[in-house]
file entry-v5.json (JSON, C-alpha atoms)
[["chain", "number", "residue", "atom", "x", "y", "z"],
["A", 1346, "MET", "CA", 58.31, 259.66, -222.93],
["A", 1347, "LEU", "CA", 61.63, 258.05, -223.86],
["A", 1348, "LEU", "CA", 62.73, 257.98, -220.22],
["A", 1349, "LEU", "CA", 59.48, 256.31, -219.18],
["A", 1350, "LYS", "CA", 59.83, 253.75, -221.93],
["A", 1351, "ALA", "CA", 63.42, 253.00, -220.88],
["A", 1352, "PHE", "CA", 62.38, 252.65, -217.25],
["A", 1353, "ASN", "CA", 59.56, 250.27, -218.15],
["A", 1354, "LEU", "CA", 61.94, 248.17, -220.24],
["A", 1355, "LEU", "CA", 64.43, 248.06, -217.39],
["A", 1356, "ASN", "CA", 61.67, 247.06, -214.99],
["A", 1357, "GLN", "CA", 60.59, 244.24, -217.31],
["A", 1358, "ARG", "CA", 64.15, 242.95, -217.56],
["A", 1359, "LEU", "CA", 64.50, 243.08, -213.78],
["A", 1360, "GLU", "CA", 61.22, 241.22, -213.29],
["A", 1361, "LEU", "CA", 62.38, 238.53, -215.71],
["A", 1362, "LEU", "CA", 65.70, 238.17, -213.92],
["A", 1363, "THR", "CA", 63.95, 238.06, -210.55],
["A", 1364, "CYS", "CA", 61.75, 235.24, -211.82],
["A", 1365, "LYS", "CA", 64.79, 233.29, -212.99],
["A", 1366, "ILE", "CA", 66.51, 233.67, -209.62],
["A", 1367, "LYS", "CA", 63.37, 232.67, -207.73],
["A", 1368, "ASN", "CA", 63.35, 229.45, -209.74],
["A", 1369, "CYS", "CA", 67.06, 228.77, -209.36],
["A", 1370, "HIS", "CA", 68.08, 225.23, -208.34],
["A", 1371, "LEU", "CA", 71.85, 225.49, -208.81],
["A", 1372, "CYS", "CA", 72.76, 224.22, -205.35],
["A", 1373, "GLN", "CA", 69.68, 222.12, -204.61],
["A", 1374, "GLY", "CA", 71.73, 219.05, -203.73],
["A", 1375, "HIS", "CA", 73.72, 220.97, -201.10],
["A", 1376, "LEU", "CA", 70.82, 222.52, -199.16],
["A", 1377, "PRO", "CA", 68.96, 221.08, -196.15],
["A", 1378, "TYR", "CA", 65.62, 222.27, -197.57],
["A", 1379, "ALA", "CA", 64.15, 222.90, -201.00],
["A", 1380, "PRO", "CA", 65.66, 226.00, -202.67],
["A", 1381, "ASN", "CA", 63.97, 229.19, -201.54],
["A", 1382, "PRO", "CA", 65.90, 232.22, -202.87],
["A", 1383, "ILE", "CA", 65.20, 235.23, -200.67],
["A", 1384, "PHE", "CA", 65.92, 238.79, -201.81],
["A", 1385, "PHE", "CA", 64.19, 241.92, -203.04],
["A", 1386, "ILE", "CA", 65.46, 244.12, -205.85],
["A", 1387, "LYS", "CA", 63.83, 247.37, -206.99],
["A", 1388, "PRO", "CA", 64.55, 249.21, -210.26],
["A", 1389, "ALA", "CA", 65.20, 252.56, -208.53],
["A", 1390, "THR", "CA", 67.70, 251.06, -206.06],
["A", 1391, "LYS", "CA", 70.18, 253.51, -204.58],
["A", 1392, "ILE", "CA", 71.07, 251.55, -201.43],
["A", 1393, "LEU", "CA", 71.99, 247.92, -202.02],
["A", 1394, "ILE", "CA", 72.52, 245.64, -199.02],
["A", 1395, "ILE", "CA", 74.60, 242.53, -199.68],
["A", 1396, "GLY", "CA", 74.51, 240.12, -196.79],
["A", 1397, "GLN", "CA", 75.72, 236.61, -196.12],
["A", 1398, "ALA", "CA", 72.74, 234.27, -196.58],
["A", 1399, "PRO", "CA", 69.19, 234.07, -195.22],
["A", 1400, "GLY", "CA", 68.81, 232.63, -191.74],
["A", 1401, "PHE", "CA", 66.26, 229.98, -190.87],
["A", 1402, "ARG", "CA", 63.58, 232.51, -189.90],
["A", 1403, "ALA", "CA", 64.02, 234.35, -193.19],
["A", 1404, "HIS", "CA", 63.78, 230.98, -194.94],
["A", 1405, "GLN", "CA", 60.50, 230.26, -193.15],
["A", 1406, "THR", "CA", 58.95, 233.66, -193.81],
["A", 1407, "GLY", "CA", 60.46, 234.38, -197.23],
["A", 1408, "LEU", "CA", 61.55, 237.84, -196.08],
["A", 1409, "SER", "CA", 65.13, 239.11, -196.00],
["A", 1410, "TRP", "CA", 66.53, 240.12, -192.61],
["A", 1411, "ASN", "CA", 63.32, 239.15, -190.82],
["A", 1412, "ASP", "CA", 65.00, 238.34, -187.51],
["A", 1413, "PRO", "CA", 66.87, 240.01, -184.62],
["A", 1414, "SER", "CA", 69.93, 240.47, -186.87],
["A", 1415, "GLY", "CA", 67.70, 242.43, -189.23],
["A", 1416, "ASP", "CA", 66.47, 244.58, -186.35],
["A", 1417, "ARG", "CA", 70.06, 245.45, -185.50],
["A", 1418, "LEU", "CA", 70.92, 246.16, -189.14],
["A", 1419, "ARG", "CA", 67.92, 248.51, -189.45],
["A", 1420, "ALA", "CA", 69.00, 250.28, -186.25],
["A", 1421, "TRP", "CA", 72.48, 250.75, -187.71],
["A", 1422, "MET", "CA", 70.93, 252.23, -190.85],
["A", 1423, "GLY", "CA", 68.52, 254.40, -188.88],
["A", 1424, "VAL", "CA", 65.38, 253.08, -190.62],
["A", 1425, "ASP", "CA", 62.30, 251.21, -189.46],
["A", 1426, "ARG", "CA", 60.82, 248.04, -190.96],
["A", 1427, "ASN", "CA", 58.42, 249.94, -193.21],
["A", 1428, "ILE", "CA", 61.18, 252.00, -194.81],
["A", 1429, "PHE", "CA", 63.53, 249.03, -195.00],
["A", 1430, "TYR", "CA", 61.11, 246.86, -196.95],
["A", 1431, "ASN", "CA", 59.03, 249.44, -198.81],
["A", 1432, "ASN", "CA", 61.30, 252.34, -199.70],
["A", 1433, "PRO", "CA", 61.91, 252.23, -203.48],
["A", 1434, "PHE", "CA", 65.61, 253.03, -203.01],
["A", 1435, "ILE", "CA", 66.49, 250.06, -200.75],
["A", 1436, "SER", "CA", 67.18, 246.55, -202.04],
["A", 1437, "CYS", "CA", 68.65, 243.41, -200.48],
["A", 1438, "MET", "CA", 70.45, 240.39, -201.80],
["A", 1439, "ALA", "CA", 73.01, 238.03, -200.33],
["A", 1440, "MET", "CA", 76.10, 236.07, -201.24],
["A", 1441, "GLY", "CA", 73.91, 232.99, -201.03],
["A", 1442, "PHE", "CA", 70.22, 233.42, -201.80],
["A", 1443, "CYS", "CA", 69.03, 230.33, -199.90],
["A", 1444, "PHE", "CA", 69.37, 229.24, -196.27],
["A", 1445, "PRO", "CA", 72.53, 227.07, -196.25],
["A", 1446, "GLY", "CA", 71.76, 225.09, -193.11],
["A", 1447, "GLN", "CA", 73.57, 224.95, -189.77],
["A", 1448, "ASN", "CA", 76.54, 223.18, -188.26],
["A", 1449, "ALA", "CA", 76.55, 221.08, -185.08],
["A", 1450, "ARG", "CA", 76.83, 224.24, -182.96],
["A", 1451, "LYS", "CA", 73.68, 225.69, -184.55],
["A", 1452, "ALA", "CA", 75.65, 228.36, -186.39],
["A", 1453, "ASP", "CA", 74.64, 229.06, -189.99],
["A", 1454, "LEU", "CA", 76.90, 227.50, -192.60],
["A", 1455, "PRO", "CA", 78.75, 229.73, -195.09],
["A", 1456, "PRO", "CA", 76.74, 230.91, -198.10],
["A", 1457, "ARG", "CA", 76.81, 228.64, -201.12],
["A", 1458, "PRO", "CA", 79.38, 229.97, -203.64],
["A", 1459, "GLU", "CA", 77.23, 229.41, -206.74],
["A", 1460, "CYS", "CA", 74.79, 232.28, -206.19],
["A", 1461, "ALA", "CA", 77.04, 235.32, -206.33],
["A", 1462, "VAL", "CA", 78.87, 234.05, -209.41],
["A", 1463, "ALA", "CA", 75.65, 233.21, -211.23],
["A", 1464, "TRP", "CA", 73.50, 236.22, -210.39],
["A", 1465, "HIS", "CA", 75.21, 239.25, -208.84],
["A", 1466, "ALA", "CA", 76.68, 240.74, -212.01],
["A", 1467, "LYS", "CA", 73.37, 240.30, -213.83],
["A", 1468, "ILE", "CA", 71.53, 242.15, -211.06],
["A", 1469, "LEU", "CA", 74.07, 244.96, -210.80],
["A", 1470, "LYS", "CA", 73.96, 245.50, -214.55],
["A", 1471, "LEU", "CA", 70.30, 246.50, -214.22],
["A", 1472, "LEU", "CA", 70.78, 248.82, -211.25],
["A", 1473, "ALA", "CA", 72.24, 251.99, -212.73],
["A", 1474, "ASP", "CA", 71.39, 254.33, -209.85],
["A", 1475, "ILE", "CA", 73.19, 252.64, -206.94],
["A", 1476, "GLU", "CA", 74.89, 255.16, -204.69],
["A", 1477, "ILE", "CA", 76.06, 252.97, -201.82],
["A", 1478, "ILE", "CA", 76.50, 249.25, -201.22],
["A", 1479, "LEU", "CA", 76.41, 247.90, -197.67],
["A", 1480, "LEU", "CA", 78.70, 244.87, -197.45],
["A", 1481, "VAL", "CA", 77.45, 243.02, -194.40],
["A", 1482, "GLY", "CA", 79.86, 240.36, -193.19],
["A", 1483, "ILE", "CA", 83.21, 239.05, -194.32],
["A", 1484, "TYR", "CA", 81.91, 236.95, -197.24],
["A", 1485, "ALA", "CA", 80.49, 239.95, -199.09],
["A", 1486, "GLN", "CA", 83.52, 242.08, -198.25],
["A", 1487, "GLN", "CA", 86.04, 239.55, -199.54],
["A", 1488, "PHE", "CA", 84.03, 239.02, -202.73],
["A", 1489, "TYR", "CA", 83.77, 242.71, -203.61],
["A", 1490, "LEU", "CA", 86.91, 244.23, -202.13],
["A", 1491, "PRO", "CA", 90.65, 243.51, -202.41],
["A", 1492, "ILE", "CA", 90.77, 242.08, -198.89],
["A", 1493, "PRO", "CA", 93.27, 239.27, -198.15],
["A", 1494, "ALA", "CA", 91.51, 235.97, -197.47],
["A", 1495, "LYS", "CA", 92.96, 235.67, -193.96],
["A", 1496, "GLN", "CA", 92.55, 239.30, -192.93],
["A", 1497, "PRO", "CA", 90.37, 239.41, -189.80],
["A", 1498, "LEU", "CA", 87.11, 241.30, -189.91],
["A", 1499, "LYS", "CA", 88.24, 243.56, -187.07],
["A", 1500, "LEU", "CA", 91.03, 244.98, -189.25],
["A", 1501, "THR", "CA", 88.70, 245.46, -192.23],
["A", 1502, "LEU", "CA", 86.25, 247.23, -189.94],
["A", 1503, "GLU", "CA", 88.93, 249.56, -188.60],
["A", 1504, "ASN", "CA", 89.65, 250.68, -192.17],
["A", 1505, "TRP", "CA", 86.03, 251.24, -193.19],
["A", 1506, "ARG", "CA", 86.72, 254.75, -194.50],
["A", 1507, "ASP", "CA", 89.11, 253.34, -197.10],
["A", 1508, "TYR", "CA", 86.20, 251.87, -199.06],
["A", 1509, "LEU", "CA", 83.99, 254.95, -199.17],
["A", 1510, "PRO", "CA", 82.08, 256.48, -200.83],
["A", 1511, "LYS", "CA", 80.57, 253.45, -202.56],
["A", 1512, "TYR", "CA", 81.14, 250.60, -200.11],
["A", 1513, "TRP", "CA", 80.19, 250.58, -196.44],
["A", 1514, "ILE", "CA", 81.78, 247.88, -194.31],
["A", 1515, "LEU", "CA", 79.58, 246.32, -191.62],
["A", 1516, "PRO", "CA", 80.05, 243.24, -189.44],
["A", 1517, "HIS", "CA", 77.25, 240.74, -189.57],
["A", 1518, "PRO", "CA", 74.71, 241.99, -186.97],
["A", 1519, "SER", "CA", 74.28, 238.54, -185.39],
["A", 1520, "TRP", "CA", 74.54, 238.19, -181.61],
["A", 1521, "ARG", "CA", 77.53, 235.93, -182.32],
["A", 1522, "ASN", "CA", 79.48, 239.09, -183.17],
["A", 1523, "ASN", "CA", 78.68, 240.84, -179.87],
["A", 1524, "TYR", "CA", 82.24, 240.34, -178.63],
["A", 1525, "LEU", "CA", 83.69, 241.93, -181.76],
["A", 1526, "LEU", "CA", 81.22, 244.80, -181.56],
["A", 1527, "GLN", "CA", 82.17, 245.45, -177.95],
["A", 1528, "LYS", "CA", 85.87, 245.44, -178.81],
["A", 1529, "LYS", "CA", 85.27, 247.76, -181.74],
["A", 1530, "SER", "CA", 82.71, 250.01, -180.04],
["A", 1531, "VAL", "CA", 84.80, 253.13, -180.78],
["A", 1532, "VAL", "CA", 84.85, 252.26, -184.49],
["A", 1533, "MET", "CA", 81.11, 251.53, -184.52],
["A", 1534, "LYS", "CA", 80.36, 254.82, -182.75],
["A", 1535, "GLN", "CA", 82.05, 256.59, -185.67],
["A", 1536, "LEU", "CA", 80.75, 254.37, -188.46],
["A", 1537, "ILE", "CA", 77.07, 254.12, -187.51],
["A", 1538, "PRO", "CA", 76.25, 257.87, -187.33],
["A", 1539, "ALA", "CA", 78.03, 258.41, -190.65],
["A", 1540, "LEU", "CA", 76.07, 255.57, -192.23],
["A", 1541, "GLN", "CA", 72.77, 256.84, -190.85],
["A", 1542, "GLU", "CA", 73.44, 260.32, -192.19],
["A", 1543, "ARG", "CA", 74.26, 258.92, -195.64],
["A", 1544, "VAL", "CA", 71.20, 256.66, -195.72],
["A", 1545, "GLN", "CA", 68.93, 259.48, -194.63],
["A", 1546, "SER", "CA", 70.32, 261.79, -197.32],
["A", 1547, "ILE", "CA", 69.51, 259.19, -199.99],
["A", 1548, "ILE", "CA", 66.01, 258.17, -198.90],
["A", 1549, "SER", "CA", 65.04, 261.80, -198.41],
["A", 1550, "SER", "CA", 66.14, 262.87, -201.89]]
call {"tool": "encode", "arguments": {"input": "entry-v5.json", "output": "structure tokens"}}
result
Amino acid sequence: MLLLKAFNLLNQRLELLTCKIKNCHLCQGHLPYAPNPIFFIKPATKILIIGQAPGFRAHQTGLSWNDPSGDRLRAWMGVDRNIFYNNPFISCMAMGFCFPGQNARKADLPPRPECAVAWHAKILKLLADIEIILLVGIYAQQFYLPIPAKQPLKLTLENWRDYLPKYWILPHPSWRNNYLLQKKSVVMKQLIPALQERVQSIISS
């Protein structure tokens, strides 16, 4: 009875926080569109994915990783769309919760810095059961790990085992990283099966 009451209280606090984030306007003046924070956080989270920022398609649909990059990320994890979005153990947030816009070359701009500072610690405080955190892309990795600002992603990726068991290092799954992924195919062939095994062990528990 006490455990159920505690869980319900935690769920209420998480719902309240989620509502606050959904209504956040911290960086409104810096965005190309109206603020549209995109994420999903579940009280029983064991696998937390921290990405860069929503892309334009995610902005349009209101769904995290709802694009080809998301398809590649799910393949790396070894899960389908249903598990990714509906499993109670999987949650997603980003360094920037809103689509930041694009540069002249149609590449997404960096995530706004306000979001992680304002909200991440508050979210993590309510997620007591996290077992692994997937840090997708250099922005999340540099925020959460003692990685030098100018250290290239390829070197961080080569040392992915150094951050286990909690943190899993992943490049952003965008097609723009295809060259890096080809160069680091040996690393990825080691990392991906290990990640899939770990994810499967958690969602099957």
call {"tool": "closest_atom_pairs", "arguments": {"input": "entry-v5.json", "of": "range 1390-1475 of chain A", "to": "range 1479-1501 of chain A", "cutoff": "9 Å", "atoms": "all atoms listed in the file", "output": "Markdown table"}}
result
| residue | atom | partner | partner_atom | distance |
| --- | --- | --- | --- | --- |
| A:Ile1392 | CA | A:Leu1479 | CA | 7.5 |
| A:Leu1393 | CA | A:Leu1479 | CA | 6.2 |
| A:Ile1394 | CA | A:Leu1479 | CA | 4.7 |
| A:Ile1395 | CA | A:Leu1480 | CA | 5.2 |
| A:Gly1396 | CA | A:Val1481 | CA | 4.8 |
| A:Gln1397 | CA | A:Tyr1484 | CA | 6.3 |
| A:Leu1418 | CA | A:Val1481 | CA | 9.0 |
| A:Ala1439 | CA | A:Ala1485 | CA | 7.8 |
| A:Met1440 | CA | A:Ala1485 | CA | 6.2 |
| A:Pro1455 | CA | A:Tyr1484 | CA | 8.2 |
| A:Pro1456 | CA | A:Tyr1484 | CA | 8.0 |
| A:Ala1461 | CA | A:Phe1488 | CA | 8.7 |
call {"tool": "atom_distance", "arguments": {"input": "entry-v5.json", "atom1": "CA of Ile1428 in chain A", "atom2": "CA of Ile1383 in chain A"}}
result
18.2 Å
call {"tool": "closest_residue", "arguments": {"input": "entry-v5.json", "among": "A:Gly1415, A:Pro1388, A:Gly1374, A:Pro1380", "to": "Leu1472 in chain A", "atoms": "all atoms listed in the file"}}
result
A:Pro1388
call {"tool": "residues_around", "arguments": {"input": "entry-v5.json", "residues": "Asn1431 in chain A", "least_positions_apart": "6", "cutoff": "12 Å", "atoms": "all atoms listed in the file", "output": "MDAnalysis selection string"}}
result
chainID A and resid 1385:1387 1389:1390 1424:1425 1437 1548
call {"tool": "residues_around", "arguments": {"input": "entry-v5.json", "residues": "Asn1381 in chain A", "least_positions_apart": "3", "cutoff": "10 Å", "atoms": "all atoms listed in the file", "output": "compact mmCIF listing (two decimals) with C-alpha atoms, keeping the file's coordinate frame"}}
result
# COMPACT_ATOMS: atom_id res chain seq x y z
CA ILE A 1366 66.51 233.67 -209.62
CA LYS A 1367 63.37 232.67 -207.73
CA ASN A 1368 63.35 229.45 -209.74
CA CYS A 1369 67.06 228.77 -209.36
CA HIS A 1370 68.08 225.23 -208.34
CA GLN A 1373 69.68 222.12 -204.61
CA LEU A 1376 70.82 222.52 -199.16
CA TYR A 1378 65.62 222.27 -197.57
CA PHE A 1384 65.92 238.79 -201.81
CA PRO A 1399 69.19 234.07 -195.22
CA ALA A 1403 64.02 234.35 -193.19
CA HIS A 1404 63.78 230.98 -194.94
CA GLN A 1405 60.50 230.26 -193.15
CA GLY A 1407 60.46 234.38 -197.23
CA PHE A 1442 70.22 233.42 -201.80
CA CYS A 1443 69.03 230.33 -199.90
CA PHE A 1444 69.37 229.24 -196.27
